[in-house]
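Chemist: My file is coords26.txt. It has compact mmCIF, C-alpha atoms:
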# COMPACT_ATOMS: atom_id res chain seq x y z
CA MET A 602 13.06 49.62 53.43
CA ASN A 603 16.38 51.13 54.48
CA GLU A 604 19.17 52.12 52.09
CA GLU A 605 21.46 49.16 52.88
CA ARG A 606 18.76 46.56 52.18
CA ARG A 607 17.81 48.30 48.95
CA LYS A 608 21.44 48.26 47.77
CA ILE A 609 21.76 44.55 48.54
CA LEU A 610 18.56 43.76 46.65
CA ASP A 611 19.72 45.93 43.73
CA MET A 612 23.00 44.03 43.62
CA LEU A 613 21.08 40.76 43.64
CA ALA A 614 18.81 41.99 40.84
CA GLN A 615 21.83 43.03 38.77
CA GLY A 616 23.41 39.62 39.29
CA LYS A 617 26.43 41.04 41.10
CA ILE A 618 25.87 38.74 44.06
CA THR A 619 24.21 35.37 44.48
CA ALA A 620 21.05 34.74 46.48
CA GLU A 621 23.11 33.12 49.25
CA GLU A 622 25.40 36.12 49.48
CA ALA A 623 22.41 38.42 49.53
CA GLU A 624 20.88 36.40 52.35
CA LYS A 625 24.07 36.66 54.39
CA LEU A 626 24.29 40.38 53.79
CA LEU A 627 20.64 40.90 54.71
CA ASP A 628 21.20 38.95 57.92
CA ALA A 629 24.19 41.15 58.66
CA VAL A 630 22.24 44.40 58.33
CA GLY A 631 19.45 43.15 60.56
CA ASP A 632 15.99 41.74 60.31
CA PRO A 633 13.28 44.34 59.77
CA GLY A 634 10.61 41.72 60.33
CA SER A 635 11.44 41.42 63.99
CA GLY A 636 9.31 44.48 64.62
CA THR A 637 11.79 46.03 66.95
CA GLY A 638 14.42 47.48 64.66
CA ALA A 639 12.39 50.01 62.73
CA ALA A 640 13.25 52.98 64.91
CA ALA A 641 16.75 51.91 65.83
CA GLY A 642 19.99 52.98 64.17
CA THR A 643 23.49 51.75 64.83
CA ASP A 644 26.45 53.43 66.44
CA ALA A 645 30.05 53.40 65.21
CA ALA A 646 30.65 50.03 66.85
CA GLY A 647 27.71 48.53 64.98
CA ARG A 648 25.67 48.29 68.15
CA ARG A 649 22.01 49.18 67.82
CA ILE A 650 20.86 52.45 69.26
CA TRP A 651 17.33 52.08 70.54
CA LYS A 652 15.10 55.09 70.58
CA TYR A 653 12.10 53.99 72.54
CA LEU A 654 11.13 51.80 75.45
CA ARG A 655 7.82 50.15 74.68
CA VAL A 656 5.32 48.68 77.11
CA GLN A 657 2.43 46.79 75.59
CA VAL A 658 -0.36 45.06 77.43
CA ASP A 659 -2.87 43.11 75.38
CA PRO A 660 -5.77 41.21 76.85
CA GLY A 661 -5.41 37.45 76.69
CA PRO A 662 -8.27 35.02 76.11
CA ASN A 663 -8.91 34.76 79.86
CA SER A 664 -8.51 38.44 80.58
CA GLU A 665 -10.97 39.85 83.10
CA SER A 666 -10.31 43.52 82.54
CA GLY A 667 -9.73 43.58 78.79
CA ASP A 668 -7.39 46.53 79.28
CA ARG A 669 -5.10 47.43 76.46
CA VAL A 670 -2.02 49.56 77.11
CA ASN A 671 0.49 50.90 74.66
CA ILE A 672 3.20 53.17 76.02
CA ARG A 673 6.21 54.43 74.11
CA VAL A 674 8.83 56.38 76.04
CA PRO A 675 11.85 57.93 74.32
CA PHE A 676 15.13 56.82 75.92
CA LYS A 677 16.36 60.40 75.90
CA LEU A 678 13.38 61.34 78.05
CA ILE A 679 14.21 58.54 80.50
CA ARG A 680 17.79 59.79 80.73
CA ALA A 681 16.69 63.39 81.23
CA GLY A 682 14.09 62.36 83.80
CA LEU A 683 16.54 60.27 85.80
CA LYS A 684 18.69 63.31 86.37
CA PHE A 685 15.86 64.67 88.50
CA ALA A 686 16.73 61.94 91.01
CA ALA A 687 19.53 64.23 92.16
CA PHE A 688 16.86 66.62 93.44
CA ILE A 689 15.39 64.16 95.91
CA PRO A 690 16.27 65.63 99.31
CA ARG A 691 18.62 63.59 101.48
CA GLU A 692 15.97 63.53 104.19
CA ALA A 693 13.69 61.64 101.84
CA HIS A 694 16.24 58.96 100.91
CA ALA A 695 15.49 56.83 103.97
CA ARG A 696 11.76 56.90 103.27
CA VAL A 697 12.28 56.00 99.62
CA THR A 698 14.61 53.14 100.59
CA GLN A 699 12.01 51.92 103.06
CA ALA A 700 9.31 52.07 100.38
CA PHE A 701 11.53 50.04 98.05
CA LYS A 702 12.05 47.42 100.80
CA GLU A 703 8.32 47.13 101.35
CA LYS A 704 8.00 46.29 97.66
CA GLY A 705 10.72 43.65 98.00
CA MET A 706 13.54 45.64 96.41
CA ASP A 707 16.76 46.08 98.34
CA VAL A 708 17.76 49.42 96.84
CA ASP A 709 19.57 52.15 98.73
CA LEU A 710 18.88 55.39 96.92
CA ALA A 711 21.80 57.17 98.58
CA ARG A 712 24.25 54.74 97.00
CA ILE A 713 22.95 55.09 93.46
CA THR A 714 25.13 57.44 91.46
CA PRO A 715 24.27 59.11 88.13
CA GLN A 716 26.74 56.69 86.53
CA ASP A 717 24.73 53.75 87.90
CA LEU A 718 21.55 55.18 86.44
CA GLU A 719 23.21 55.73 83.10
CA GLU A 720 24.45 52.14 83.13
CA ILE A 721 20.97 50.84 83.90
CA VAL A 722 19.47 52.82 81.03
CA SER A 723 22.28 51.80 78.67
CA ASN A 724 21.62 48.15 79.37
CA LEU A 725 17.86 48.36 79.03
CA ASP A 726 18.31 47.55 75.35
CA ASP A 727 19.18 43.98 76.29
CA MET A 728 15.89 43.60 78.04
CA THR A 729 12.82 41.99 76.61
CA VAL A 730 10.12 40.91 79.01
CA GLU A 731 7.18 38.87 77.83
CA VAL A 732 4.58 37.68 80.27
CA ASP A 733 1.72 35.50 79.14
CA GLY A 734 -0.89 35.36 81.82
CA LYS A 735 -4.42 36.58 81.72
CA ASP A 736 -2.96 39.54 79.89
CA LYS A 737 0.00 39.51 77.57
CA VAL A 738 2.66 41.99 78.68
CA ARG A 739 5.60 42.92 76.50
CA ILE A 740 8.40 45.30 77.46
CA PHE A 741 11.01 45.87 74.81
CA CYS A 742 13.12 48.45 73.01
CA GLU A 743 12.71 49.69 69.46
CA MET B 446 13.16 66.53 69.46
CA LEU B 447 10.89 69.26 70.71
CA PRO B 448 7.28 68.19 70.29
CA MET B 449 5.28 70.62 68.20
CA LEU B 450 1.89 68.97 68.52
CA VAL B 451 0.09 67.24 71.34
CA ARG B 452 -2.81 64.90 70.76
CA PHE B 453 -5.09 64.29 73.70
CA LYS B 454 -8.15 62.08 73.58
CA VAL B 455 -10.47 60.80 76.29
CA LYS B 456 -13.52 58.70 75.65
CA GLU B 457 -15.97 56.99 77.95
CA PRO B 458 -18.56 54.50 76.73
CA GLY B 459 -21.97 56.13 76.40
CA HIS B 460 -20.47 59.61 76.42
CA HIS B 461 -19.16 61.86 73.74
CA GLY B 462 -15.40 61.68 73.61
CA PHE B 463 -13.12 64.64 74.00
CA GLY B 464 -10.27 65.01 71.56
CA LEU B 465 -7.78 67.79 71.19
CA CYS B 466 -4.82 68.35 68.93
CA PHE B 467 -3.03 71.57 69.74
CA PRO B 468 0.31 73.17 68.92
CA ALA B 469 2.52 72.47 71.90
CA ILE B 470 4.86 75.25 70.85
CA LEU B 471 2.39 77.72 72.41
CA ILE B 472 2.82 76.02 75.78
CA TRP B 473 6.59 76.02 75.44
CA ILE B 474 6.58 79.75 74.66
CA LEU B 475 4.46 80.48 77.73
CA LEU B 476 6.63 78.21 79.85
CA ALA B 477 9.80 79.88 78.57
CA ALA B 478 8.36 83.29 79.45
CA LEU B 479 7.44 82.04 82.93
CA MET B 480 10.89 80.57 83.45
CA LEU B 481 12.47 83.83 82.35
CA VAL B 482 10.38 85.78 84.85
CA LEU B 483 11.28 83.38 87.63
CA LEU B 484 14.98 83.26 86.77
CA PRO B 485 16.09 86.17 89.02
CA PHE B 486 14.28 84.62 91.97
CA MET B 487 15.87 81.25 91.30
CA VAL B 488 19.32 82.83 91.11
CA LEU B 489 18.65 84.67 94.36
CA ALA B 490 17.42 81.49 96.07
CA ALA B 491 20.45 79.61 94.77
CA LEU B 492 22.84 82.27 96.12
CA ILE B 493 21.11 82.34 99.51
CA THR B 494 21.16 78.57 99.87
CA TRP B 495 24.57 78.07 98.26
CA GLN B 496 26.32 77.14 101.54
CA HIS B 497 23.77 75.03 103.37
CA GLY B 498 21.01 74.16 100.95
CA PRO B 499 20.15 73.14 97.44
CA GLY B 500 22.19 76.05 96.03
CA MET B 501 23.63 75.13 92.67
CA ARG B 502 21.09 72.34 92.18
CA LEU B 503 18.39 75.00 91.96
CA LEU B 504 20.15 76.48 88.94
CA LEU B 505 20.37 73.04 87.36
CA VAL B 506 16.57 72.80 87.38
CA TYR B 507 16.40 75.00 84.31
CA PRO B 508 18.53 72.91 81.95
CA LEU B 509 16.87 69.76 83.27
CA ILE B 510 13.38 71.06 82.56
CA VAL B 511 14.50 72.07 79.07
CA ALA B 512 16.04 68.61 78.54
CA VAL B 513 12.84 66.85 79.61
CA ILE B 514 10.61 69.04 77.42
CA TRP B 515 12.99 68.77 74.47
CA ASN B 516 12.88 64.99 74.63
CA LEU B 517 9.13 64.62 75.05
CA GLY B 518 8.72 64.11 71.30
CA GLY B 519 7.63 60.55 70.57
CA LEU B 520 6.12 59.94 74.00
CA THR B 521 2.87 58.06 73.53
CA ILE B 522 0.50 56.87 76.21
CA ASP B 523 -2.45 54.91 74.94
CA VAL B 524 -4.69 53.16 77.46
CA GLU B 525 -7.92 51.41 76.59
CA GLN B 526 -10.06 50.29 79.48
CA LYS B 527 -13.69 49.26 79.65
CA GLN B 528 -14.54 52.48 81.45
CA ARG B 529 -12.27 54.87 79.60
CA THR B 530 -9.95 55.32 76.67
CA LEU B 531 -7.06 57.72 77.00
CA LEU B 532 -4.51 58.83 74.45
CA ILE B 533 -1.70 61.31 74.98
CA ASP B 534 0.69 61.68 72.09
CA PHE B 535 3.55 64.16 71.77
CA ILE B 536 4.37 64.60 68.10
For this file, write the structure as structure tokens.

Modeler:
Amino acid sequence: MNEERRKILDMLAQGKITAEEAEKLLDAVGDPGSGTGAAAGTDAAGRRIWKYLRVQVDPGPNSESGDRVNIRVPFKLIRAGLKFAAFIPREAHARVTQAFKEKGMDVDLARITPQDLEEIVSNLDDMTVEVDGKDKVRIFCE
Amino acid sequence: MLPMLVRFKVKEPGHHGFGLCFPAILIWILLAALMLVLLPFMVLAALITWQHGPGMRLLLVYPLIVAVIWNLGGLTIDVEQKQRTLLIDFI
């Protein structure tokens, strides 16, 4: 339990606030039961700062492989790793772009700037992908 | 956060698994020593290729490697397959 939630519950226990007020305050500080906020803090603007990108694959009832995957990547590592993109030789850009096209992605590596990469990483926190097929795939931030 | 411990585990059904938990700091010390030894060569290569090659980018490799290693802490890869189970955890 974090400090803010404890204070709210203490105030409720001491009768300083009503149950309704406590509920509103608890909603305002975030829901720990969502399972995604445990590792995240907040910045000065009150926006959550996510620490990890999680990829989870759990086998569904009709799963053939039964594979289970649990990957947790720190966002700082992603940021640091993306800077290595600057080391891809210019001669290789065309081949990488071609490889992207073959996979159905129209991405020109030469046009991607470090600012673009930073923006992509910054906005990953808005992303939650859940796929229920033979396997259940979840990609989210925490 | 610089990872101090690395957990590594591989297991295959019907075989004895292999698990290892070792202080990563030893690797970082060895790597730092290696980087220090290579530094003069990197500076030389950067100076030679400054005009028409990678030049300054070669020098940037060092801080980038340090940044990647420093931020490895918390990286967890846990894969369970029928044939194999693999766990790599930087703590």

Chemist: Considering only C-alpha atoms, return as a PyMOL selection string whatever protein or nucleic-acid residues lie within 12 Å of Asn663 in chain A, sequence-local ones (same chain, fewer than 3 positions apart) excluded.

Modeler: chain A and resi 659-660+666-668+733-737

Chemist: If you keep C-alpha atoms, can you produce a file of those selected residues as a short mmCIF file (atom, residue, chain, number, x, y, z; two decimals), in the coordinates of the input?

Modeler:
data_model
loop_
_atom_site.label_atom_id
_atom_site.label_comp_id
_atom_site.auth_asym_id
_atom_site.auth_seq_id
_atom_site.Cartn_x
_atom_site.Cartn_y
_atom_site.Cartn_z
CA ASP A 659 -2.87 43.11 75.38
CA PRO A 660 -5.77 41.21 76.85
CA SER A 666 -10.31 43.52 82.54
CA GLY A 667 -9.73 43.58 78.79
CA ASP A 668 -7.39 46.53 79.28
CA ASP A 733 1.72 35.50 79.14
CA GLY A 734 -0.89 35.36 81.82
CA LYS A 735 -4.42 36.58 81.72
CA ASP A 736 -2.96 39.54 79.89
CA LYS A 737 0.00 39.51 77.57
#

Chemist: Name the closest residue to Leu481 in chain B among the candidates B:Tyr507, B:Phe463, B:Trp495, B:Trp515; distances are taken between atoms, counting only C-alpha atoms.

Modeler: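 Looking at the shortest contact to Leu481 in chain B, the residue is B:Tyr507.
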
Chemist: Can you tell me, as a list in words, which residues sit within 9 Å of (-11.4, 50.1, 80.8) in the file's frame, using all atoms listed in the file?

Modeler: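 The requested residues, written out, are Ser666, Gly667, Asp668 and Arg669 of chain A; Glu457, Val524, Glu525, Gln526, Lys527, Gln528, Arg529 and Thr530 of chain B.
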
Chemist: Quick one: which residues from chain A are at most 8 Å off chain B, using all atoms listed in the file, as a ChimeraX atom specification?

Modeler: /A:666-675,677-678,681-682,684-685,688

Chemist: Separation of CA of Ile536 in chain B and CA of Gln657 in chain A, in Å?

Modeler: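 Distance reported for this atom pair: 19.4 Å.
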
Chemist: Rank B:Gln496, B:Leu504, B:Val455, B:Met449 by their smallest atom-to-atom distance to Met480 in chain B, using only C-alpha atoms, and report the top residue only.

Modeler: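 Closest residue, counting only C-alpha atoms: B:Leu504.
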
Chemist: Just to confirm, what's the straight-line distance from CA of Leu489 in chain B to CA of Ala686 in chain A in Å (one decimal)?

Modeler: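 That distance, rounded to one decimal, is 23.1 Å.
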
Chemist: I need the residue nearest Tyr653 in chain A from this list: A:Phe676, A:Glu719, A:Glu665, A:Thr698. Use only C-alpha atoms for the distance.

Modeler: A:Phe676

Chemist: Tell me which protein, DNA and RNA residues are within 9 Å of range 705-709 of chain A, counting all atoms listed in the file, leaving out same-chain ones fewer than 6 positions away, and put them as JSON, numbers by chain.

Modeler: {"A": [694, 695, 697, 698, 699]}

Chemist: What separation in Å, quoted to one decimal, exists between CA of Phe486 in chain B and CA of Glu692 in chain A?

Modeler: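 Here the two named atoms are 24.4 Å from each other.
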
Chemist: Using only C-alpha atoms for the distances, tell me which of A:Met612, A:Ala623, A:Ile618, A:Val658 is nearest to Val738 in chain A.

Modeler: A:Val658

Chemist: List the neighbours of Met728 in chain A out to 8 Å using only C-alpha atoms; skip same-chain residues closer than 5 positions along the sequence, and give me the result as number ranges by chain.

Modeler: A: 740-742

Chemist: Generate the output file for the selected residues, C-alpha atoms, as a short mmCIF file (atom, residue, chain, number, x, y, z; two decimals), in the coordinates of the input.

Modeler:
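Full text of part_25.cif as output:
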data_model
loop_
_atom_site.label_atom_id
_atom_site.label_comp_id
_atom_site.auth_asym_id
_atom_site.auth_seq_id
_atom_site.Cartn_x
_atom_site.Cartn_y
_atom_site.Cartn_z
CA ILE A 740 8.40 45.30 77.46
CA PHE A 741 11.01 45.87 74.81
CA CYS A 742 13.12 48.45 73.01
#
